[in-house]
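> Coordinates in work-v5.tsv, TSV, C-alpha atoms, are listed below.
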chain	number	residue	atom	x	y	z
A	1	MET	CA	8.31	-0.32	-36.85
A	2	SER	CA	12.05	-0.04	-36.19
A	3	LEU	CA	13.96	3.23	-36.05
A	4	ALA	CA	15.65	2.40	-39.34
A	5	ALA	CA	12.32	1.72	-41.01
A	6	GLN	CA	10.91	4.98	-39.70
A	7	GLN	CA	14.04	6.75	-40.97
A	8	ARG	CA	13.20	5.58	-44.48
A	9	SER	CA	9.47	6.31	-44.33
A	10	VAL	CA	9.13	9.54	-42.37
A	11	SER	CA	10.44	12.74	-43.91
A	12	ALA	CA	11.30	15.79	-41.88
A	13	ARG	CA	8.23	17.57	-43.24
A	14	SER	CA	5.79	14.80	-42.40
A	15	PHE	CA	7.24	14.47	-38.93
A	16	ALA	CA	6.87	18.22	-38.38
A	17	ARG	CA	3.15	17.95	-39.26
A	18	ARG	CA	2.73	15.01	-36.89
A	19	SER	CA	4.59	16.57	-34.00
A	20	SER	CA	2.64	19.80	-34.25
A	21	ARG	CA	-0.50	18.25	-33.92
A	22	VAL	CA	-1.32	-11.64	-1.02
A	23	ALA	CA	-0.67	-12.31	2.28
A	24	HIS	CA	-3.49	-12.11	4.97
A	25	PRO	CA	-2.72	-9.70	7.83
A	26	ARG	CA	-2.73	-11.04	11.38
A	27	ILE	CA	-5.46	-9.61	13.64
A	28	VAL	CA	-4.87	-8.58	17.26
A	29	ALA	CA	-6.81	-6.58	19.82
A	30	THR	CA	-5.97	-2.89	19.92
A	31	ALA	CA	-5.04	-1.03	23.05
A	32	ALA	CA	-7.09	1.98	22.08
A	33	TYR	CA	-10.18	2.13	19.94
A	34	LYS	CA	-10.04	4.16	16.73
A	35	SER	CA	-13.24	4.95	14.90
A	36	PRO	CA	-13.42	4.01	11.21
A	37	SER	CA	-13.56	7.68	10.27
A	38	SER	CA	-10.21	8.38	11.94
A	39	VAL	CA	-8.16	6.09	9.70
A	40	THR	CA	-8.02	6.29	5.93
A	41	SER	CA	-8.77	3.04	4.13
A	42	ALA	CA	-6.17	1.67	1.75
A	43	ASP	CA	-5.84	-1.02	-0.84
A	44	THR	CA	-2.90	-3.40	-0.62
A	45	LEU	CA	-0.94	-1.59	-3.34
A	46	GLN	CA	-1.18	1.69	-1.45
A	47	ALA	CA	-0.12	0.00	1.78
A	48	LEU	CA	2.78	-1.76	0.07
A	49	SER	CA	3.92	1.47	-1.57
A	50	ARG	CA	4.44	2.97	1.88
A	51	MET	CA	6.94	0.20	2.68
A	52	SER	CA	8.60	-0.12	-0.74
A	53	ASN	CA	8.98	2.11	-3.77
A	54	VAL	CA	6.72	0.61	-6.44
A	55	VAL	CA	8.12	0.70	-9.99
A	56	PRO	CA	5.79	-0.31	-12.89
A	57	ASP	CA	7.53	-2.47	-15.48
A	58	THR	CA	5.69	-0.63	-18.28
A	59	LEU	CA	4.14	2.80	-18.73
A	60	MET	CA	1.18	3.01	-16.37
A	61	LEU	CA	-1.30	5.59	-17.63
A	62	GLU	CA	-3.62	5.09	-14.66
A	63	SER	CA	-2.85	3.88	-11.14
A	64	SER	CA	-3.85	4.67	-7.57
A	65	VAL	CA	-0.15	5.02	-6.73
A	66	GLN	CA	2.24	7.52	-8.28
A	67	PRO	CA	5.32	5.61	-9.48
A	68	LYS	CA	8.46	6.43	-7.53
A	69	ALA	CA	10.78	5.57	-10.45
A	70	ALA	CA	10.73	4.54	-14.09
A	71	THR	CA	12.96	2.63	-16.48
A	72	VAL	CA	13.48	3.36	-20.16
A	73	SER	CA	15.04	0.65	-22.33
A	74	SER	CA	14.99	-0.75	-25.85
A	75	LEU	CA	12.24	-3.13	-24.75
A	76	LEU	CA	10.11	-0.21	-23.59
A	77	LEU	CA	10.68	1.61	-26.90
A	78	SER	CA	9.49	-1.47	-28.81
A	79	TRP	CA	6.43	-1.73	-26.59
A	80	VAL	CA	5.57	1.94	-27.11
A	81	LEU	CA	5.93	1.71	-30.90
A	82	ALA	CA	3.65	-1.33	-31.04
A	83	ASN	CA	1.04	0.06	-28.63
A	84	GLU	CA	-2.13	1.60	-30.01
A	85	GLN	CA	-3.39	3.21	-26.80
A	86	LEU	CA	-4.21	6.86	-27.24
A	87	GLY	CA	-1.92	7.85	-24.38
A	88	MET	CA	1.10	6.42	-26.22
A	89	LYS	CA	1.09	9.05	-28.96
A	90	LEU	CA	3.21	11.47	-26.95
A	91	TYR	CA	5.89	8.82	-26.44
A	92	GLN	CA	5.71	7.62	-30.05
A	93	ASN	CA	6.30	11.18	-31.24
A	94	ALA	CA	9.27	11.45	-28.89
A	95	ILE	CA	10.78	8.33	-30.45
A	96	ALA	CA	10.09	9.56	-33.97
A	97	ALA	CA	11.79	12.87	-33.19
A	98	SER	CA	15.06	11.02	-32.64
A	99	LEU	CA	15.23	10.27	-36.36
A	100	ASN	CA	15.68	13.94	-37.18
A	101	TYR	CA	18.19	14.85	-34.50
A	102	ASP	CA	20.92	16.74	-36.35
A	103	LYS	CA	23.85	15.30	-34.40
A	104	CYS	CA	22.71	11.78	-35.30
A	105	LEU	CA	22.12	12.66	-38.95
A	106	ALA	CA	25.70	13.90	-39.14
A	107	GLN	CA	26.87	10.32	-38.50
A	108	LYS	CA	26.63	7.26	-40.71
A	109	GLY	CA	25.83	3.57	-40.48
A	110	ASP	CA	25.83	1.92	-37.06
A	111	ALA	CA	27.04	5.11	-35.39
A	112	ARG	CA	23.93	6.96	-36.58
A	113	LEU	CA	21.59	4.20	-35.42
A	114	SER	CA	23.26	4.01	-32.02
A	115	CYS	CA	22.96	7.78	-31.67
A	116	GLN	CA	19.27	7.65	-32.61
A	117	LEU	CA	18.72	4.84	-30.11
A	118	ASP	CA	20.23	6.93	-27.30
A	119	LYS	CA	18.23	9.98	-28.43
A	120	ALA	CA	14.98	7.97	-28.42
A	121	LEU	CA	15.76	6.66	-24.93
A	122	THR	CA	16.46	10.14	-23.58
A	123	ASN	CA	13.46	11.74	-25.28
A	124	VAL	CA	11.15	9.21	-23.61
A	125	GLY	CA	13.11	9.38	-20.37
A	126	ALA	CA	12.74	13.17	-20.26
A	127	LEU	CA	8.96	12.79	-20.50
A	128	LEU	CA	8.92	10.21	-17.74
A	129	SER	CA	11.08	12.40	-15.49
A	130	THR	CA	8.19	14.87	-15.17
A	131	GLN	CA	5.76	12.16	-14.05
A	132	ILE	CA	7.61	10.42	-11.22
A	133	GLU	CA	8.93	11.39	-7.80
A	134	GLY	CA	12.30	9.69	-8.16
A	135	ARG	CA	14.79	8.93	-10.89
A	136	VAL	CA	14.54	7.71	-14.46
A	137	CYS	CA	16.72	4.67	-15.05
A	138	THR	CA	18.14	4.54	-18.57
A	139	GLU	CA	19.74	1.50	-20.15
A	140	ILE	CA	23.25	1.71	-21.59
A	141	ASP	CA	23.46	-0.20	-24.88
A	142	PRO	CA	23.69	-3.87	-23.76
A	143	ARG	CA	25.75	-4.80	-26.81
A	144	LEU	CA	28.63	-3.20	-24.90
A	145	ALA	CA	28.08	-5.31	-21.75
A	146	LYS	CA	31.61	-6.75	-21.75
A	147	ASN	CA	33.42	-3.57	-22.79
A	148	LYS	CA	33.94	-1.23	-19.84
A	149	ASP	CA	35.40	1.70	-21.79
A	150	ALA	CA	32.66	1.60	-24.43
A	151	MET	CA	29.99	1.63	-21.71
A	152	LEU	CA	31.63	4.64	-20.06
A	153	SER	CA	31.64	6.52	-23.36
A	154	ARG	CA	27.95	5.80	-24.02
A	155	ALA	CA	27.08	6.82	-20.48
A	156	GLN	CA	28.54	10.28	-21.11
A	157	SER	CA	26.59	10.52	-24.38
A	158	LEU	CA	23.32	9.75	-22.58
A	159	LEU	CA	24.04	12.37	-19.92
A	160	LEU	CA	24.75	15.02	-22.56
A	161	LEU	CA	21.50	14.22	-24.35
A	162	TYR	CA	19.56	14.50	-21.11
A	163	ALA	CA	21.29	17.80	-20.32
A	164	GLU	CA	20.13	19.20	-23.67
A	165	LEU	CA	16.57	18.31	-22.63
A	166	GLY	CA	16.93	20.04	-19.28
A	167	VAL	CA	16.92	16.87	-17.16
A	168	PRO	CA	19.38	17.24	-14.26
A	169	GLN	CA	21.82	14.47	-13.45
A	170	ASP	CA	20.33	13.97	-9.99
A	171	LYS	CA	17.11	12.87	-11.67
A	172	LEU	CA	18.87	10.07	-13.54
A	173	ILE	CA	20.35	6.65	-12.97
A	174	LEU	CA	22.19	4.63	-15.64
A	175	ARG	CA	21.60	0.89	-15.93
A	176	VAL	CA	24.23	-1.74	-16.80
A	177	PRO	CA	24.07	-5.56	-16.94
A	178	ALA	CA	25.81	-7.17	-13.96
A	179	THR	CA	28.77	-8.53	-15.90
A	180	TRP	CA	32.20	-7.96	-14.37
A	181	ALA	CA	32.90	-5.25	-16.97
A	182	GLY	CA	29.50	-3.67	-16.34
A	183	ILE	CA	30.11	-3.54	-12.60
A	184	GLN	CA	33.56	-1.96	-13.10
A	185	ALA	CA	32.12	0.64	-15.49
A	186	ALA	CA	29.39	1.48	-13.00
A	187	ALA	CA	31.99	1.80	-10.22
A	188	GLU	CA	33.83	4.48	-12.22
A	189	LEU	CA	30.59	6.31	-12.94
A	190	GLU	CA	29.69	6.29	-9.25
A	191	GLN	CA	33.10	7.80	-8.46
A	192	GLN	CA	32.15	10.62	-10.84
A	193	GLY	CA	28.91	11.20	-8.94
A	194	ILE	CA	26.73	9.41	-11.52
A	195	ALA	CA	24.16	7.04	-10.02
A	196	THR	CA	24.03	3.55	-11.53
A	197	GLN	CA	22.01	0.38	-11.37
A	198	ALA	CA	23.14	-3.20	-11.99
A	199	PHE	CA	20.52	-5.60	-13.32
A	200	HIS	CA	20.30	-9.16	-14.64
A	201	ILE	CA	21.41	-10.42	-11.24
A	202	TYR	CA	20.82	-14.13	-10.69
A	203	SER	CA	23.51	-14.97	-8.13
A	204	PHE	CA	24.55	-13.68	-4.75
A	205	VAL	CA	28.05	-12.79	-5.93
A	206	GLN	CA	26.75	-10.42	-8.61
A	207	GLY	CA	24.78	-8.40	-6.09
A	208	VAL	CA	27.59	-8.34	-3.53
A	209	ALA	CA	30.21	-7.33	-6.12
A	210	ALA	CA	27.94	-4.53	-7.31
A	211	ALA	CA	27.41	-3.28	-3.75
A	212	GLN	CA	31.14	-3.45	-3.04
A	213	ALA	CA	31.69	-1.31	-6.14
A	214	GLY	CA	29.39	1.36	-4.68
A	215	ILE	CA	26.61	0.88	-7.23
A	216	SER	CA	23.47	2.73	-6.14
A	217	VAL	CA	20.90	0.03	-6.98
A	218	VAL	CA	21.17	-3.72	-7.53
A	219	GLN	CA	18.32	-5.58	-9.21
A	220	PRO	CA	17.97	-9.34	-8.61
A	221	ASN	CA	15.42	-11.15	-10.76
A	222	VAL	CA	13.15	-13.34	-8.65
A	223	GLY	CA	11.09	-15.11	-11.33
A	224	ARG	CA	13.88	-16.18	-13.65
A	225	THR	CA	16.01	-17.44	-10.76
A	226	ARG	CA	13.11	-19.51	-9.47
A	227	ASP	CA	12.42	-20.89	-12.95
A	228	TRP	CA	16.02	-22.01	-13.42
A	229	TYR	CA	16.07	-24.04	-10.21
A	230	ASN	CA	12.68	-25.55	-10.99
A	231	LYS	CA	14.05	-26.71	-14.35
A	232	ASN	CA	17.23	-28.07	-12.74
A	233	PRO	CA	16.08	-30.16	-9.75
A	234	GLY	CA	19.47	-31.84	-9.39
A	235	VAL	CA	21.06	-28.57	-8.28
A	236	ILE	CA	21.10	-28.00	-4.53
A	237	ARG	CA	18.89	-25.03	-3.75
A	238	ASP	CA	19.22	-25.29	0.03
A	239	PRO	CA	22.59	-26.42	1.50
A	240	ASN	CA	20.75	-27.51	4.64
A	241	GLY	CA	17.98	-29.32	2.83
A	242	PRO	CA	17.49	-32.31	0.50
A	243	ARG	CA	18.33	-32.49	-3.19
A	244	GLU	CA	15.23	-32.05	-5.29
A	245	ASP	CA	16.04	-35.09	-7.44
A	246	THR	CA	15.78	-37.39	-4.41
A	247	GLY	CA	12.03	-36.96	-4.46
A	248	PHE	CA	11.98	-34.56	-1.51
A	249	SER	CA	11.14	-30.87	-1.75
A	250	SER	CA	13.16	-28.29	0.16
A	251	GLY	CA	10.29	-25.80	0.09
A	252	ILE	CA	12.77	-23.00	-0.66
A	253	ASP	CA	11.74	-20.33	-3.16
A	254	THR	CA	15.16	-19.60	-4.62
A	255	GLY	CA	14.10	-16.34	-6.24
A	256	ILE	CA	12.64	-14.86	-3.07
A	257	ARG	CA	15.62	-16.15	-1.11
A	258	LEU	CA	18.11	-14.48	-3.48
A	259	ALA	CA	16.41	-11.10	-3.15
A	260	SER	CA	15.98	-11.45	0.63
A	261	GLU	CA	19.58	-12.54	1.25
A	262	LEU	CA	20.98	-9.77	-0.94
A	263	TYR	CA	18.82	-7.23	0.88
A	264	GLY	CA	20.03	-8.50	4.26
A	265	TYR	CA	23.71	-8.59	3.31
A	266	ILE	CA	23.70	-5.25	1.52
A	267	LYS	CA	21.84	-3.42	4.28
A	268	LYS	CA	24.28	-4.83	6.84
A	269	TYR	CA	27.56	-4.16	5.01
A	270	HIS	CA	26.78	-1.68	2.19
A	271	PRO	CA	23.75	0.29	3.39
A	272	LYS	CA	24.10	3.05	0.79
A	273	THR	CA	23.18	0.56	-1.95
A	274	GLN	CA	19.49	-0.09	-2.53
A	275	VAL	CA	17.87	-3.32	-3.66
A	276	MET	CA	15.27	-3.45	-6.43
A	277	ALA	CA	13.49	-6.79	-6.76
A	278	SER	CA	12.16	-7.61	-10.23
A	279	GLY	CA	10.54	-10.63	-11.85
A	280	LEU	CA	7.69	-10.49	-9.32
A	281	ARG	CA	4.87	-12.36	-11.02
A	282	THR	CA	2.21	-12.50	-8.33
A	283	ALA	CA	0.90	-10.43	-5.46
A	284	LYS	CA	2.33	-13.12	-3.18
A	285	ASP	CA	5.82	-12.47	-4.58
A	286	ALA	CA	5.46	-8.74	-3.93
A	287	LEU	CA	4.20	-9.19	-0.38
A	288	ALA	CA	6.97	-11.69	0.41
A	289	LEU	CA	9.47	-8.86	-0.19
A	290	SER	CA	7.55	-6.00	1.42
A	291	GLY	CA	10.03	-3.50	2.78
A	292	CYS	CA	12.54	-4.04	-0.04
A	293	ASP	CA	13.71	-0.66	-1.33
A	294	TYR	CA	12.09	-1.07	-4.75
A	295	LEU	CA	9.62	-3.58	-6.18
A	296	VAL	CA	9.18	-3.81	-9.96
A	297	LEU	CA	5.58	-4.84	-10.58
A	298	THR	CA	3.64	-5.76	-13.70
A	299	ALA	CA	0.32	-4.11	-14.47
A	300	LYS	CA	-1.38	-7.41	-13.61
A	301	VAL	CA	0.20	-7.64	-10.17
A	302	MET	CA	-0.54	-3.97	-9.47
A	303	SER	CA	-4.18	-4.54	-10.40
A	304	GLU	CA	-4.36	-7.56	-8.10
A	305	LEU	CA	-2.97	-5.53	-5.21
A	306	GLU	CA	-5.26	-2.59	-5.94
A	307	ALA	CA	-8.27	-4.90	-5.88
A	308	THR	CA	-7.43	-6.17	-2.39
A	309	SER	CA	-8.21	-4.05	0.65
A	310	THR	CA	-6.18	-4.05	3.82
A	311	LEU	CA	-7.81	-3.82	7.24
A	312	GLN	CA	-6.47	-0.30	7.61
A	313	GLY	CA	-9.41	2.03	8.17
A	314	TYR	CA	-11.60	-0.68	9.70
A	315	ASN	CA	-11.81	-0.60	13.48
A	316	SER	CA	-14.18	-2.33	15.85
A	317	GLY	CA	-11.80	-2.99	18.70
A	318	LEU	CA	-9.61	-4.95	16.30
A	319	SER	CA	-6.91	-3.79	13.90
A	320	ALA	CA	-4.38	-5.25	11.50
A	321	ALA	CA	-1.06	-6.16	13.08
A	322	ALA	CA	1.42	-4.20	11.06
A	323	THR	CA	4.36	-1.88	11.28
A	324	ALA	CA	4.43	1.36	13.26
A	325	ASP	CA	2.80	3.26	10.40
A	326	GLU	CA	-0.22	0.93	10.61
A	327	ASP	CA	-0.29	0.04	6.93
A	328	GLY	CA	-2.12	-3.19	7.60
A	329	LEU	CA	0.63	-5.36	6.12
A	330	GLU	CA	3.50	-7.21	7.71
A	331	ARG	CA	6.92	-5.84	6.77
A	332	MET	CA	9.11	-8.76	5.66
A	333	LEU	CA	12.40	-6.87	5.17
A	334	SER	CA	13.90	-4.01	7.16
A	335	PRO	CA	17.31	-2.42	7.69
A	336	ALA	CA	17.04	-3.05	11.42
A	337	ALA	CA	16.52	-6.78	10.97
A	338	ALA	CA	19.38	-6.91	8.46
A	339	ALA	CA	21.75	-5.11	10.84
A	340	ALA	CA	20.88	-7.58	13.60
A	341	SER	CA	21.42	-10.66	11.39
A	342	ASP	CA	24.41	-12.99	11.71
A	343	LEU	CA	25.42	-12.76	8.04
A	344	ALA	CA	29.21	-12.88	7.69
A	345	ASP	CA	31.13	-10.42	5.51
A	346	ILE	CA	32.65	-12.34	2.59
A	347	GLY	CA	35.28	-9.67	1.88
A	348	PRO	CA	36.39	-8.08	-1.42
A	349	ILE	CA	35.57	-10.07	-4.56
A	350	SER	CA	38.10	-10.44	-7.38
A	351	GLU	CA	37.26	-11.08	-11.01
A	352	ALA	CA	38.40	-14.71	-10.66
A	353	GLN	CA	36.19	-15.19	-7.61
A	354	PHE	CA	33.31	-13.53	-9.42
A	355	ASP	CA	33.58	-15.98	-12.31
A	356	GLU	CA	33.86	-18.95	-9.97
A	357	MET	CA	31.03	-17.96	-7.64
A	358	LEU	CA	28.68	-16.98	-10.47
A	359	GLY	CA	27.63	-20.61	-10.63
A	360	PRO	CA	25.65	-22.41	-13.34
A	361	CYS	CA	22.43	-20.50	-12.63
A	362	GLY	CA	24.03	-17.07	-12.69
A	363	ARG	CA	26.18	-17.82	-15.72
A	364	GLU	CA	23.42	-19.34	-17.85
A	365	LEU	CA	20.79	-16.73	-17.02
A	366	LEU	CA	23.21	-13.82	-17.45
A	367	ASP	CA	24.16	-15.09	-20.92
A	368	GLN	CA	20.49	-15.57	-21.82
A	369	GLY	CA	19.62	-12.16	-20.47
A	370	LEU	CA	22.33	-10.42	-22.49
A	371	ALA	CA	21.20	-12.21	-25.65
A	372	GLY	CA	17.65	-11.01	-25.01
A	373	LEU	CA	18.78	-7.44	-24.47
A	374	VAL	CA	20.68	-7.46	-27.75
A	375	ARG	CA	17.57	-8.76	-29.53
A	376	ASP	CA	15.57	-5.90	-28.01
A	377	VAL	CA	18.04	-3.37	-29.41
A	378	GLU	CA	18.04	-5.01	-32.83
A	379	THR	CA	14.24	-4.93	-32.87
A	380	VAL	CA	14.20	-1.19	-32.29
A	381	LEU	CA	17.00	-0.48	-34.77
Write the structure described by the file as C-alpha cells, please.

Amino acid sequence: MSLAAQQRSVSARSFARRSSRVAHPRIVATAAYKSPSSVTSADTLQALSRMSNVVPDTLMLESSVQPKAATVSSLLLSWVLANEQLGMKLYQNAIAASLNYDKCLAQKGDARLSCQLDKALTNVGALLSTQIEGRVCTEIDPRLAKNKDAMLSRAQSLLLLYAELGVPQDKLILRVPATWAGIQAAAELEQQGIATQAFHIYSFVQGVAAAQAGISVVQPNVGRTRDWYNKNPGVIRDPNGPREDTGFSSGIDTGIRLASELYGYIKKYHPKTQVMASGLRTAKDALALSGCDYLVLTAKVMSELEATSTLQGYNSGLSAAATADEDGLERMLSPAAAAASDLADIGPISEAQFDEMLGPCGRELLDQGLAGLVRDVETVL
C-alpha cells in the first residue's frame, strides 16, 4: 500500500493503537603445524567479511555476519510494506508513523508526500542505525537527479529529520545517482562535512569523476554492466581483444573489470574514496572482488557463502593459502597492489568530457536506472 493510500485509510487514532501495541583456496604446506583446536573455523561469508565490508541488499533478520552498513531507499520501503514476515512489523510501523508527522501534515500536495517520503526513510534509517557497525546510507529523492540545488535542499531536510531522531551525522551517508549534477551536489555536501555515496555507476568516468569530487563512496554495478555488454556483442569490451561479433570471445567480464579498475584507480589516486561493488549475483562474483571496500550481497548469495566452509580451522600439516590474517581465501583487491599498478592519472574531468566518456553503456544504463528509481518513488507515494 502506498503512503498516499495509507494516508487515506489510517486515522491518527487507529495508528496510535497499532503503534502502542566460490573460488577454491589453494593449498600449500605450512611451516609450522597448528592443531585444529587452535584456529576457529569459518564459513566463506565470515572469511570474506574480514576482507570486505558486507552490505545486505535487503533487511537481513538473521545472518552469521553483522552487517557493516545498510541502505534505505524507496525500493526498500516498498519491500517492507509488501513483506509479511513478523520481523517487518517494526519497520512497517515506522513507515506508517510518517503519515502523522505534523511538519508534513502542515504542507499540501506533492510537498506533503515528499516530506512523508523523507520521514519514512529516516524513521526506518534510524532503526537500522542501531543494528549496524557503520553508516546508514539514505537515498535523496531520485526525481531530483539532474537538479543540483534541489538535491542539496533535500539533503539538509533528511539531516534535520535524522537529528530529530537522535541519529548523529557521522552515522549517516547520503546517496545520489552518478549524474553530473548528482556528483556536483555530493561534492558540495562533502565540503560541508557530509558523507555521500554515488551509485548507478556503469562507466569508468562516472567513478573517477565522483572520486575527484571527494565523494566518500562510489558504487559500480557489476551485474547490469555485464548484462549490457552481453546484449551488445558488437561493442568492444576489451581494447586488446577481439570484437564479440566476429565469433570470438574476449573472456572479459566487463562488470568485474569495471569494479576492479575503479578500485585500482581510486586507491592509487584518491585513496580516501571507498568502492562499493553492487549487482553481485553469485558467490563467484563476490569472491572475484574480495578485498573491495564494500560488497553488496543478496540474501541468496550470502546464504551460498554461509553454506561453504573455508579451510580455516582445519590443519593436518596443510593450510589454506590466504592473506596474512589466514582467512582461507585469496584477496583479489588490495590498496598495496593498486598503489603499485601502472594506471595513469587521467586528470580533472569536465562536464563535456564526462558526457563524452560516459559512452553508450553508461548513458543507457544511467537513464534506465533513473527511470527505475522514479518508479520506486511513485510506488511508495
> Which residue, A:Leu305, A:Leu165, A:Ile173, A:Ala181, has the smallest gap to Phe354 (chain A) when you use all atoms listed in the file?
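Answer, going by the shortest atom-to-atom distance: A:Ala181.
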> I need every residue sitting at most 10 Å from the point (29.3, -6.8, -20.8) (coordinates as in the file, all atoms listed in the file considered), written as a short mmCIF file (atom, residue, chain, number, x, y, z; two decimals) with C-alpha atoms, keeping the file's coordinate frame.

data_model
loop_
_atom_site.label_atom_id
_atom_site.label_comp_id
_atom_site.auth_asym_id
_atom_site.auth_seq_id
_atom_site.Cartn_x
_atom_site.Cartn_y
_atom_site.Cartn_z
CA ASP A 141 23.46 -0.20 -24.88
CA PRO A 142 23.69 -3.87 -23.76
CA ARG A 143 25.75 -4.80 -26.81
CA LEU A 144 28.63 -3.20 -24.90
CA ALA A 145 28.08 -5.31 -21.75
CA LYS A 146 31.61 -6.75 -21.75
CA ASN A 147 33.42 -3.57 -22.79
CA LYS A 148 33.94 -1.23 -19.84
CA ALA A 150 32.66 1.60 -24.43
CA MET A 151 29.99 1.63 -21.71
CA VAL A 176 24.23 -1.74 -16.80
CA PRO A 177 24.07 -5.56 -16.94
CA ALA A 178 25.81 -7.17 -13.96
CA THR A 179 28.77 -8.53 -15.90
CA TRP A 180 32.20 -7.96 -14.37
CA ALA A 181 32.90 -5.25 -16.97
CA GLY A 182 29.50 -3.67 -16.34
CA ILE A 183 30.11 -3.54 -12.60
CA ALA A 185 32.12 0.64 -15.49
CA LEU A 366 23.21 -13.82 -17.45
CA ASP A 367 24.16 -15.09 -20.92
CA LEU A 370 22.33 -10.42 -22.49
#
> Using all atoms listed in the file, which protein or nucleic acid residues come within 9 Å of Ser309 (chain A)? Drop anything in the same chain fewer than 4 positions from it, and give the result as number ranges by chain.
A: 41-45, 305
> Write the selection just made, keeping C-alpha atoms, as a short mmCIF file (atom, residue, chain, number, x, y, z; two decimals), keeping the file's coordinate frame?

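Output file selection.cif follows:
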data_model
loop_
_atom_site.label_atom_id
_atom_site.label_comp_id
_atom_site.auth_asym_id
_atom_site.auth_seq_id
_atom_site.Cartn_x
_atom_site.Cartn_y
_atom_site.Cartn_z
CA SER A 41 -8.77 3.04 4.13
CA ALA A 42 -6.17 1.67 1.75
CA ASP A 43 -5.84 -1.02 -0.84
CA THR A 44 -2.90 -3.40 -0.62
CA LEU A 45 -0.94 -1.59 -3.34
CA LEU A 305 -2.97 -5.53 -5.21
#
> Excluding Ala163 (chain A) and its own-chain neighbours fewer than 6 positions away, which residues fall within 12 Å of it when counting only C-alpha atoms? Please give them as a list of chain:residue names.
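In the requested form, the answer reads A:Lys119, A:Thr122, A:Asn123, A:Gly125, A:Ala126, A:Gln156, A:Ser157, A:Gln169, A:Asp170, A:Lys171, A:Leu172.
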> At what distance in Å, to one decimal, does CA of Ile132 (chain A) lie from CA of Asn83 (chain A)?
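Between CA of Asn83 (chain A) and CA of Ile132 (chain A) the gap works out to 21.3 Å.
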> Need to verify the contact set: Pro220 (chain A), 6 Å, all atoms listed in the file, exclusion of same-chain residues closer than 2 positions in sequence. Can you return it as an NGL selection string?
:A and (201-202 or 259 or 277)
> Please determine, counting all atoms listed in the file, which residue among A:Gly234, A:Gln206, A:Glu139, A:Ala70 has the shortest atom-to-atom distance to Arg363 (chain A).
A:Gln206
> List every protein, DNA or RNA residue with an atom no more than 12 Å from (15.9, -8.1, 1.6) in the file's coordinates, counting all atoms listed in the file, and format the result as a VMD selection string.
chain A and resid 52 207 218 to 220 222 255 to 268 271 273 to 277 286 to 295 331 to 339 341
> Counting only C-alpha atoms, figure out which residue out of A:Gln368, A:Gln85, A:Gln116, A:Asn232 gets nearest to Val380 (chain A).
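Checking each of A:Gln368, A:Gln85, A:Gln116, A:Asn232 against Val380 (chain A), counting only C-alpha atoms, the winner is A:Gln116.
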> Given all atoms listed in the file as the basis, pick out the residue of A:Asp102, A:Glu364, A:Asp227, A:Asp376 nearest to Trp79 (chain A).
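Checking each candidate against Trp79 (chain A), we get A:Asp376 as the closest.
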> Could you check how far CA of Gly214 (chain A) sits from CA of Val55 (chain A), in Å to one decimal?
21.9 Å
> Please report the interatomic distance between CA of Ser74 (chain A) and CA of Leu121 (chain A) in Å with one decimal.
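Atom-to-atom, CA of Ser74 (chain A) to CA of Leu121 (chain A), that is 7.5 Å.
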